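Text of run36.csv (CSV, C-alpha atoms and all ligand atoms) as supplied:
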chain,number,residue,atom,x,y,z
A,1,MET,CA,0.9,24.8,-74.2
A,2,ALA,CA,0.6,22.1,-71.7
A,3,LEU,CA,0.3,18.3,-71.6
A,4,LYS,CA,-2.9,17.1,-70.1
A,5,LYS,CA,-3.9,13.8,-68.5
A,6,ILE,CA,-6.0,11.6,-70.8
A,7,LEU,CA,-8.9,10.0,-69.0
A,8,THR,CA,-9.4,6.3,-69.5
A,9,ILE,CA,-12.4,4.0,-69.0
A,10,PRO,CA,-14.3,3.6,-66.7
A,11,ASP,CA,-14.0,7.4,-66.0
A,12,SER,CA,-17.6,8.7,-66.0
A,13,ASN,CA,-16.6,11.9,-67.8
A,14,LEU,CA,-16.2,9.9,-71.0
A,15,ARG,CA,-20.0,9.3,-70.9
A,16,LYS,CA,-20.9,13.0,-70.7
A,17,LYS,CA,-22.5,14.8,-73.5
A,18,SER,CA,-20.3,17.8,-74.4
A,19,THR,CA,-21.9,21.3,-74.9
A,20,GLU,CA,-21.5,23.6,-77.9
A,21,VAL,CA,-18.8,26.3,-77.9
A,22,GLU,CA,-20.4,29.7,-78.2
A,23,LYS,CA,-17.3,31.5,-79.5
A,24,VAL,CA,-13.9,30.4,-80.6
A,25,ASP,CA,-12.0,32.8,-78.3
A,26,ASN,CA,-8.4,32.6,-76.9
A,27,LYS,CA,-9.5,30.2,-74.2
A,28,ILE,CA,-10.8,27.7,-76.7
A,29,LYS,CA,-7.6,28.2,-78.8
A,30,ALA,CA,-5.5,27.5,-75.8
A,31,LEU,CA,-7.6,24.4,-75.2
A,32,MET,CA,-7.0,23.2,-78.8
A,33,ASP,CA,-3.2,23.9,-78.4
A,34,ASP,CA,-3.1,21.7,-75.2
A,35,MET,CA,-5.2,19.0,-76.8
A,36,LEU,CA,-2.9,18.8,-79.9
A,37,GLU,CA,0.2,18.6,-77.8
A,38,THR,CA,-1.4,15.9,-75.6
A,39,MET,CA,-2.5,14.0,-78.7
A,40,TYR,CA,0.9,14.1,-80.4
A,41,ASN,CA,2.6,13.1,-77.1
A,42,ALA,CA,0.3,10.1,-76.5
A,43,PRO,CA,0.7,9.4,-79.5
A,44,GLY,CA,-2.7,9.4,-81.2
A,45,ILE,CA,-4.4,10.7,-84.4
A,46,GLY,CA,-7.4,12.2,-82.7
A,47,LEU,CA,-8.6,13.6,-79.4
A,48,ALA,CA,-11.8,15.1,-78.1
A,49,ALA,CA,-11.9,17.7,-75.3
A,50,ILE,CA,-13.8,15.4,-73.0
A,51,GLN,CA,-10.9,13.0,-73.0
A,52,ILE,CA,-9.0,15.5,-71.0
A,53,GLY,CA,-12.1,16.2,-68.9
A,54,ILE,CA,-13.4,19.3,-70.7
A,55,PRO,CA,-17.0,18.8,-71.8
A,56,LYS,CA,-16.9,21.1,-74.8
A,57,ARG,CA,-17.5,20.1,-78.5
A,58,VAL,CA,-13.9,20.4,-79.6
A,59,VAL,CA,-11.8,17.9,-81.5
A,60,VAL,CA,-8.3,17.8,-82.8
A,61,MET,CA,-6.9,15.4,-85.4
A,62,ASP,CA,-3.9,14.7,-87.5
A,63,ILE,CA,-4.0,11.6,-89.7
A,64,SER,CA,-0.9,12.6,-91.8
A,65,LYS,CA,1.6,9.8,-91.9
A,66,ASN,CA,4.6,11.9,-93.0
A,67,GLU,CA,6.9,14.0,-90.8
A,68,LYS,CA,5.0,17.2,-91.6
A,69,LYS,CA,2.3,17.9,-89.1
A,70,GLU,CA,-1.2,18.5,-90.6
A,71,PRO,CA,-3.5,19.2,-87.6
A,72,ILE,CA,-7.2,19.8,-88.1
A,73,TYR,CA,-9.2,21.6,-85.5
A,74,PHE,CA,-12.9,21.1,-85.2
A,75,VAL,CA,-15.2,23.2,-83.0
A,76,ASN,CA,-18.9,22.1,-82.9
A,77,PRO,CA,-18.4,19.5,-85.6
A,78,LYS,CA,-21.7,18.1,-87.0
A,79,ILE,CA,-22.2,15.4,-89.6
A,80,ILE,CA,-24.5,16.8,-92.3
A,81,TRP,CA,-24.3,13.8,-94.7
A,82,LYS,CA,-23.1,10.3,-94.6
A,83,SER,CA,-22.8,7.6,-97.3
A,84,ASP,CA,-25.0,4.5,-97.3
A,85,LEU,CA,-21.9,2.5,-98.0
A,86,ASN,CA,-19.9,1.4,-94.9
A,87,SER,CA,-16.2,0.6,-94.4
A,88,ILE,CA,-14.5,-1.3,-91.7
A,89,TYR,CA,-11.4,-0.1,-89.8
A,90,GLU,CA,-9.7,-1.6,-86.8
A,91,GLU,CA,-10.2,1.2,-84.2
A,92,GLY,CA,-8.4,2.0,-81.0
A,93,CYS,CA,-8.9,4.9,-78.5
A,94,LEU,CA,-6.5,6.7,-76.2
A,95,SER,CA,-9.2,6.4,-73.5
A,96,ILE,CA,-9.3,2.6,-73.9
A,97,PRO,CA,-5.5,1.7,-73.8
A,98,ASN,CA,-4.1,-1.1,-76.0
A,99,GLN,CA,-7.5,-2.4,-77.1
A,100,PHE,CA,-8.6,-2.6,-80.8
A,101,ALA,CA,-11.7,-3.8,-82.6
A,102,LYS,CA,-13.0,-3.8,-86.1
A,103,ILE,CA,-15.8,-1.2,-86.4
A,104,GLU,CA,-18.1,-0.5,-89.3
A,105,ARG,CA,-19.1,3.1,-90.1
A,106,PRO,CA,-20.2,5.1,-93.1
A,107,GLU,CA,-17.3,5.2,-95.6
A,108,LYS,CA,-17.8,8.9,-96.4
A,109,CYS,CA,-19.3,11.8,-94.5
A,110,HIS,CA,-19.5,15.6,-94.7
A,111,VAL,CA,-18.8,17.5,-91.5
A,112,LYS,CA,-19.7,21.2,-90.8
A,113,TYR,CA,-17.6,22.8,-88.2
A,114,LEU,CA,-15.7,26.0,-87.1
A,115,ASP,CA,-12.0,26.0,-87.6
A,116,TYR,CA,-9.2,27.3,-85.3
A,117,ASN,CA,-10.1,30.9,-86.3
A,118,GLY,CA,-13.8,30.4,-85.8
A,119,LYS,CA,-14.5,30.2,-89.5
A,120,GLU,CA,-17.3,27.9,-90.7
A,121,LYS,CA,-16.0,25.1,-92.9
A,122,ILE,CA,-17.2,21.9,-94.5
A,123,LEU,CA,-15.0,18.8,-94.6
A,124,LYS,CA,-15.8,16.1,-97.2
A,125,ALA,CA,-14.2,13.1,-95.5
A,126,GLU,CA,-13.6,9.5,-96.7
A,127,GLY,CA,-11.6,6.5,-95.6
A,128,LEU,CA,-9.6,6.9,-92.4
A,129,LEU,CA,-10.5,10.6,-92.1
A,130,SER,CA,-14.2,9.7,-92.2
A,131,THR,CA,-13.9,7.0,-89.6
A,132,CYS,CA,-11.7,9.1,-87.4
A,133,ILE,CA,-14.0,12.2,-87.3
A,134,GLN,CA,-17.0,10.0,-86.6
A,135,HIS,CA,-15.1,8.3,-83.7
A,136,GLU,CA,-14.3,11.7,-82.3
A,137,ILE,CA,-17.8,13.2,-82.7
A,138,ASP,CA,-19.1,10.1,-80.9
A,139,HIS,CA,-16.8,11.1,-77.9
A,140,LEU,CA,-18.7,14.4,-77.8
A,141,ASP,CA,-21.9,12.5,-77.3
A,142,GLY,CA,-20.4,10.1,-74.7
A,143,ILE,CA,-20.2,7.2,-77.1
A,144,LEU,CA,-17.1,4.9,-77.3
A,145,PHE,CA,-16.2,2.5,-80.1
A,146,ILE,CA,-16.8,-0.4,-77.8
A,147,ASP,CA,-20.5,0.5,-77.7
A,148,TYR,CA,-20.7,-0.9,-81.2
A,149,LEU,CA,-19.5,-4.3,-80.1
A,150,SER,CA,-21.5,-7.3,-78.8
A,151,LYS,CA,-21.9,-7.3,-75.0
A,152,LEU,CA,-19.5,-10.2,-74.8
A,153,LYS,CA,-16.7,-8.5,-76.7
A,154,LYS,CA,-17.3,-5.3,-74.8
A,155,ASP,CA,-17.0,-7.0,-71.5
A,156,ILE,CA,-13.8,-8.7,-72.5
A,157,ILE,CA,-12.2,-5.3,-73.3
A,158,LEU,CA,-13.5,-3.7,-70.1
A,159,LYS,CA,-12.0,-6.5,-68.0
A,160,LYS,CA,-8.7,-6.3,-69.8
A,161,VAL,CA,-8.4,-2.6,-69.2
A,162,SER,CA,-9.3,-2.8,-65.5
A,163,LYS,CA,-6.8,-5.7,-65.1
A,164,SER,CA,-3.9,-3.8,-66.7
A,165,LYS,CA,-4.8,-0.7,-64.6
A,166,LYS,CA,-4.6,-2.8,-61.4
A,167,GLU,CA,-1.2,-4.2,-62.5
A,168,LEU,CA,0.1,-0.6,-63.0
A,169,GLU,CA,-1.0,0.3,-59.5
A,170,ARG,CA,0.9,-2.6,-58.0
A,171,VAL,CA,3.9,-1.6,-56.1
A,172,VAL,CA,6.6,-4.0,-54.8
A,173,VAL,CA,8.9,-2.7,-52.1
B,1,NI,NI,-11.2,7.8,-78.9
Go through the file and emit its structure as structure tokens.
Amino acid sequence: MALKKILTIPDSNLRKKSTEVEKVDNKIKALMDDMLETMYNAPGIGLAAIQIGIPKRVVVMDISKNEKKEPIYFVNPKIIWKSDLNSIYEEGCLSIPNQFAKIERPEKCHVKYLDYNGKEKILKAEGLLSTCIQHEIDHLDGILFIDYLSKLKKDIILKKVSKSKKELERVVV
């Protein structure tokens, strides 16, 4: 396993549409292992492969709040049903450091995917799990949570991130 660098906005990779995985082979498993380690290290509760620069439809998540790790691996996740009822969560993203906004999404959804062993599964998600998997699947289509905000709110976040990046680059000798 290896830690990978997480891309942040405005990296154009984050706007790429990721392609389907043909087979869950050892290479994909190694990718999922690296992604999980990188996500835990960040720390975060979800990570899409494109966030480490790999344009494949792979997501890892762990929303457990206890000490015991409960990772979920998604290959080619696809939403096959979503509820009419929405819920609102304050979302953040490892690719948009330190910025948060309230986002409205379907409260429940069903997701078809392949697991770590390439087995087809269906997840019936609600609450935080539902929001999180929708956020991650958006990444696979090049969509970020800030895209749901008004232009004004989005611009404020973009400016804040670029300002903090510049401050990080500053060197005093
Ligand atoms: Ni994200």
Hey, which residues come within 8 Å of ligand NI 1 (chain B) if we count all atoms listed in the file? Could you give them as a PDB file with C-alpha atoms, in the coordinates of the input?
ATOM      1  CA  GLY A  46      -7.400  12.200 -82.700  1.00  0.00           C
ATOM      2  CA  LEU A  47      -8.600  13.600 -79.400  1.00  0.00           C
ATOM      3  CA  ALA A  48     -11.800  15.100 -78.100  1.00  0.00           C
ATOM      4  CA  GLN A  51     -10.900  13.000 -73.000  1.00  0.00           C
ATOM      5  CA  GLY A  92      -8.400   2.000 -81.000  1.00  0.00           C
ATOM      6  CA  CYS A  93      -8.900   4.900 -78.500  1.00  0.00           C
ATOM      7  CA  LEU A  94      -6.500   6.700 -76.200  1.00  0.00           C
ATOM      8  CA  SER A  95      -9.200   6.400 -73.500  1.00  0.00           C
ATOM      9  CA  ILE A  96      -9.300   2.600 -73.900  1.00  0.00           C
ATOM     10  CA  HIS A 135     -15.100   8.300 -83.700  1.00  0.00           C
ATOM     11  CA  GLU A 136     -14.300  11.700 -82.300  1.00  0.00           C
ATOM     12  CA  HIS A 139     -16.800  11.100 -77.900  1.00  0.00           C
ATOM     13  CA  LEU A 144     -17.100   4.900 -77.300  1.00  0.00           C
ATOM     14  CA  PHE A 145     -16.200   2.500 -80.100  1.00  0.00           C
TER      15      PHE A 145
END
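For the choices A:Lys112, A:Pro97, A:Ile63, A:Gly142, the atom-to-atom distance to Leu128 of chain A is smallest for A:Ile63 when using all atoms listed in the file.
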Residue neighbourhood Ala30 of chain A, 12 Å, only C-alpha atoms, exclusion window fewer than 2 positions, as a list in words: Met1, Ala2, Leu3, Val24, Asp25, Asn26, Lys27, Ile28, Met32, Asp33, Asp34, Met35, Leu36, Glu37, Ala49, Val58, Tyr73, Tyr116 and Asn117 of chain A
For Ile9 of chain A, please output as a JSON list (two decimals) with C-alpha atoms, in the frame of the given file all residues within 8 Å (counting only C-alpha atoms; exclusion window: fewer than 2 positions along the same chain).
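Contents of the output file result_9.json:
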[["chain", "number", "residue", "atom", "x", "y", "z"],
["A", 7, "LEU", "CA", -8.90, 10.00, -69.00],
["A", 11, "ASP", "CA", -14.00, 7.40, -66.00],
["A", 12, "SER", "CA", -17.60, 8.70, -66.00],
["A", 14, "LEU", "CA", -16.20, 9.90, -71.00],
["A", 95, "SER", "CA", -9.20, 6.40, -73.50],
["A", 96, "ILE", "CA", -9.30, 2.60, -73.90],
["A", 158, "LEU", "CA", -13.50, -3.70, -70.10],
["A", 161, "VAL", "CA", -8.40, -2.60, -69.20]]
Can you work out which one of A:Tyr113, A:Glu67, A:Thr131, A:Ile72 has the shortest atom-to-atom distance to Glu90 of chain A, counting all atoms listed in the file? A:Thr131
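Reported to one decimal place, the separation of atom CA of Pro55 of chain A from atom CA of Lys5 of chain A is 14.4 Å.
Every protein, DNA or RNA residue with an atom at most 12 Å from Leu123 of chain A, where all atoms listed in the file count and chain neighbours fewer than 2 positions away do not, is listed here: A:Ile72, A:Tyr73, A:Phe74, A:Pro77, A:Lys78, A:Ile79, A:Ile80, A:Trp81, A:Lys82, A:Lys108, A:Cys109, A:His110, A:Val111, A:Lys112, A:Tyr113, A:Leu114, A:Asp115, A:Glu120, A:Lys121, A:Ala125, A:Glu126, A:Leu129, A:Ser130, A:Ile133.
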At what distance in Å, to one decimal, does atom CA of Cys132 of chain A lie from atom CA of Leu149 of chain A?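 Distance between the two atoms: 17.1 Å.
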Report the distance between atom CA of Ala101 of chain A and atom CA of Gln134 of chain A in Å, rounded to one decimal place.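 Atom CA of Ala101 of chain A sits 15.3 Å away from atom CA of Gln134 of chain A.
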From A:Ser83, A:Asp141, A:Asp147, A:Ile157, residue lying nearest Lys124 of chain A [all atoms listed in the file]: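 Nearest to Lys124 of chain A: A:Ser83.
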What's the 7 Å shell around Pro71 of chain A, counting only C-alpha atoms, without same-chain residues fewer than 2 positions away, as a list in words? Val60, Met61, Asp62, Lys69 and Tyr73 of chain A
Go through A:Leu85, A:Arg170, A:Leu152, A:Lys16 one by one, measure the shortest atom-to-atom distance of each to Glu107 of chain A using all atoms listed in the file, and give the residue with the smallest value.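 Ranked by minimum distance to Glu107 of chain A, first place goes to A:Leu85.
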Which one of A:Glu70, A:Glu104, A:Glu167, A:Asp155 sits closest to Asp84 of chain A if you count all atoms listed in the file? A:Glu104
Nearest to Lys17 of chain A, chosen from A:Ile156, A:Val173, A:Ile50, A:Ile45, with all atoms listed in the file counted in the distances: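 Comparing A:Ile156, A:Val173, A:Ile50, A:Ile45 against Lys17 of chain A, the winner is A:Ile50.
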With N, CA, C and O atoms as the target, complete segment 19-45 of chain A and hand it back as a PDB file, in the frame of the given file.
ATOM      1  N   THR A  19     -21.004  20.143 -74.478  1.00  0.00           N
ATOM      2  CA  THR A  19     -21.900  21.300 -74.900  1.00  0.00           C
ATOM      3  C   THR A  19     -21.170  22.086 -76.006  1.00  0.00           C
ATOM      4  O   THR A  19     -19.945  22.117 -76.133  1.00  0.00           O
ATOM      5  N   GLU A  20     -22.001  22.757 -76.802  1.00  0.00           N
ATOM      6  CA  GLU A  20     -21.500  23.600 -77.900  1.00  0.00           C
ATOM      7  C   GLU A  20     -20.653  24.729 -77.421  1.00  0.00           C
ATOM      8  O   GLU A  20     -20.896  25.286 -76.347  1.00  0.00           O
ATOM      9  N   VAL A  21     -19.668  25.092 -78.214  1.00  0.00           N
ATOM     10  CA  VAL A  21     -18.800  26.300 -77.900  1.00  0.00           C
ATOM     11  C   VAL A  21     -19.542  27.478 -78.507  1.00  0.00           C
ATOM     12  O   VAL A  21     -19.988  27.456 -79.653  1.00  0.00           O
ATOM     13  N   GLU A  22     -19.664  28.537 -77.700  1.00  0.00           N
ATOM     14  CA  GLU A  22     -20.400  29.700 -78.200  1.00  0.00           C
ATOM     15  C   GLU A  22     -19.487  30.579 -79.085  1.00  0.00           C
ATOM     16  O   GLU A  22     -19.936  31.148 -80.081  1.00  0.00           O
ATOM     17  N   LYS A  23     -18.209  30.681 -78.704  1.00  0.00           N
ATOM     18  CA  LYS A  23     -17.300  31.500 -79.500  1.00  0.00           C
ATOM     19  C   LYS A  23     -15.899  30.945 -79.426  1.00  0.00           C
ATOM     20  O   LYS A  23     -15.455  30.495 -78.377  1.00  0.00           O
ATOM     21  N   VAL A  24     -15.225  30.938 -80.585  1.00  0.00           N
ATOM     22  CA  VAL A  24     -13.900  30.400 -80.600  1.00  0.00           C
ATOM     23  C   VAL A  24     -12.928  31.566 -80.148  1.00  0.00           C
ATOM     24  O   VAL A  24     -12.390  32.320 -80.948  1.00  0.00           O
ATOM     25  N   ASP A  25     -12.794  31.692 -78.841  1.00  0.00           N
ATOM     26  CA  ASP A  25     -12.000  32.800 -78.300  1.00  0.00           C
ATOM     27  C   ASP A  25     -10.585  32.207 -77.889  1.00  0.00           C
ATOM     28  O   ASP A  25     -10.267  31.049 -78.176  1.00  0.00           O
ATOM     29  N   ASN A  26      -9.776  33.043 -77.244  1.00  0.00           N
ATOM     30  CA  ASN A  26      -8.400  32.600 -76.900  1.00  0.00           C
ATOM     31  C   ASN A  26      -8.383  31.434 -75.944  1.00  0.00           C
ATOM     32  O   ASN A  26      -7.458  30.629 -75.981  1.00  0.00           O
ATOM     33  N   LYS A  27      -9.423  31.339 -75.092  1.00  0.00           N
ATOM     34  CA  LYS A  27      -9.500  30.200 -74.200  1.00  0.00           C
ATOM     35  C   LYS A  27      -9.662  28.889 -74.920  1.00  0.00           C
ATOM     36  O   LYS A  27      -9.043  27.879 -74.606  1.00  0.00           O
ATOM     37  N   ILE A  28     -10.545  28.917 -75.923  1.00  0.00           N
ATOM     38  CA  ILE A  28     -10.800  27.700 -76.700  1.00  0.00           C
ATOM     39  C   ILE A  28      -9.525  27.400 -77.568  1.00  0.00           C
ATOM     40  O   ILE A  28      -9.147  26.232 -77.732  1.00  0.00           O
ATOM     41  N   LYS A  29      -8.851  28.440 -78.069  1.00  0.00           N
ATOM     42  CA  LYS A  29      -7.600  28.200 -78.800  1.00  0.00           C
ATOM     43  C   LYS A  29      -6.550  27.572 -77.951  1.00  0.00           C
ATOM     44  O   LYS A  29      -5.835  26.666 -78.379  1.00  0.00           O
ATOM     45  N   ALA A  30      -6.447  28.050 -76.706  1.00  0.00           N
ATOM     46  CA  ALA A  30      -5.500  27.500 -75.800  1.00  0.00           C
ATOM     47  C   ALA A  30      -5.814  26.019 -75.479  1.00  0.00           C
ATOM     48  O   ALA A  30      -4.929  25.168 -75.389  1.00  0.00           O
ATOM     49  N   LEU A  31      -7.120  25.737 -75.358  1.00  0.00           N
ATOM     50  CA  LEU A  31      -7.600  24.400 -75.200  1.00  0.00           C
ATOM     51  C   LEU A  31      -7.148  23.487 -76.339  1.00  0.00           C
ATOM     52  O   LEU A  31      -6.611  22.385 -76.162  1.00  0.00           O
ATOM     53  N   MET A  32      -7.349  23.996 -77.566  1.00  0.00           N
ATOM     54  CA  MET A  32      -7.000  23.200 -78.800  1.00  0.00           C
ATOM     55  C   MET A  32      -5.481  22.999 -78.829  1.00  0.00           C
ATOM     56  O   MET A  32      -5.028  21.923 -79.219  1.00  0.00           O
ATOM     57  N   ASP A  33      -4.693  24.008 -78.425  1.00  0.00           N
ATOM     58  CA  ASP A  33      -3.200  23.900 -78.400  1.00  0.00           C
ATOM     59  C   ASP A  33      -2.821  22.755 -77.429  1.00  0.00           C
ATOM     60  O   ASP A  33      -2.001  21.900 -77.756  1.00  0.00           O
ATOM     61  N   ASP A  34      -3.408  22.783 -76.246  1.00  0.00           N
ATOM     62  CA  ASP A  34      -3.100  21.700 -75.200  1.00  0.00           C
ATOM     63  C   ASP A  34      -3.509  20.366 -75.722  1.00  0.00           C
ATOM     64  O   ASP A  34      -2.794  19.383 -75.528  1.00  0.00           O
ATOM     65  N   MET A  35      -4.692  20.296 -76.344  1.00  0.00           N
ATOM     66  CA  MET A  35      -5.200  19.000 -76.800  1.00  0.00           C
ATOM     67  C   MET A  35      -4.267  18.441 -77.905  1.00  0.00           C
ATOM     68  O   MET A  35      -3.966  17.248 -77.913  1.00  0.00           O
ATOM     69  N   LEU A  36      -3.808  19.318 -78.820  1.00  0.00           N
ATOM     70  CA  LEU A  36      -2.900  18.800 -79.900  1.00  0.00           C
ATOM     71  C   LEU A  36      -1.623  18.305 -79.345  1.00  0.00           C
ATOM     72  O   LEU A  36      -1.162  17.228 -79.734  1.00  0.00           O
ATOM     73  N   GLU A  37      -1.048  19.064 -78.412  1.00  0.00           N
ATOM     74  CA  GLU A  37       0.200  18.600 -77.800  1.00  0.00           C
ATOM     75  C   GLU A  37       0.034  17.298 -77.085  1.00  0.00           C
ATOM     76  O   GLU A  37       0.860  16.392 -77.209  1.00  0.00           O
ATOM     77  N   THR A  38      -1.067  17.173 -76.358  1.00  0.00           N
ATOM     78  CA  THR A  38      -1.400  15.900 -75.600  1.00  0.00           C
ATOM     79  C   THR A  38      -1.553  14.772 -76.571  1.00  0.00           C
ATOM     80  O   THR A  38      -1.071  13.667 -76.333  1.00  0.00           O
ATOM     81  N   MET A  39      -2.252  15.039 -77.702  1.00  0.00           N
ATOM     82  CA  MET A  39      -2.500  14.000 -78.700  1.00  0.00           C
ATOM     83  C   MET A  39      -1.203  13.510 -79.344  1.00  0.00           C
ATOM     84  O   MET A  39      -0.956  12.308 -79.435  1.00  0.00           O
ATOM     85  N   TYR A  40      -0.347  14.450 -79.762  1.00  0.00           N
ATOM     86  CA  TYR A  40       0.900  14.100 -80.400  1.00  0.00           C
ATOM     87  C   TYR A  40       1.797  13.303 -79.406  1.00  0.00           C
ATOM     88  O   TYR A  40       2.481  12.363 -79.762  1.00  0.00           O
ATOM     89  N   ASN A  41       1.764  13.701 -78.141  1.00  0.00           N
ATOM     90  CA  ASN A  41       2.600  13.100 -77.100  1.00  0.00           C
ATOM     91  C   ASN A  41       2.167  11.632 -76.823  1.00  0.00           C
ATOM     92  O   ASN A  41       2.999  10.792 -76.473  1.00  0.00           O
ATOM     93  N   ALA A  42       0.849  11.370 -76.985  1.00  0.00           N
ATOM     94  CA  ALA A  42       0.300  10.100 -76.500  1.00  0.00           C
ATOM     95  C   ALA A  42       0.975   8.821 -77.110  1.00  0.00           C
ATOM     96  O   ALA A  42       1.303   7.920 -76.333  1.00  0.00           O
ATOM     97  N   PRO A  43       1.205   8.603 -78.419  1.00  0.00           N
ATOM     98  CA  PRO A  43       0.700   9.400 -79.500  1.00  0.00           C
ATOM     99  C   PRO A  43      -0.599   8.883 -80.046  1.00  0.00           C
ATOM    100  O   PRO A  43      -0.895   7.700 -79.959  1.00  0.00           O
ATOM    101  N   GLY A  44      -1.382   9.798 -80.622  1.00  0.00           N
ATOM    102  CA  GLY A  44      -2.700   9.400 -81.200  1.00  0.00           C
ATOM    103  C   GLY A  44      -2.947  10.269 -82.427  1.00  0.00           C
ATOM    104  O   GLY A  44      -2.192  11.206 -82.730  1.00  0.00           O
ATOM    105  N   ILE A  45      -4.035   9.945 -83.154  1.00  0.00           N
ATOM    106  CA  ILE A  45      -4.400  10.700 -84.400  1.00  0.00           C
ATOM    107  C   ILE A  45      -5.624  11.539 -84.186  1.00  0.00           C
ATOM    108  O   ILE A  45      -6.021  12.267 -85.081  1.00  0.00           O
TER     109      ILE A  45
END
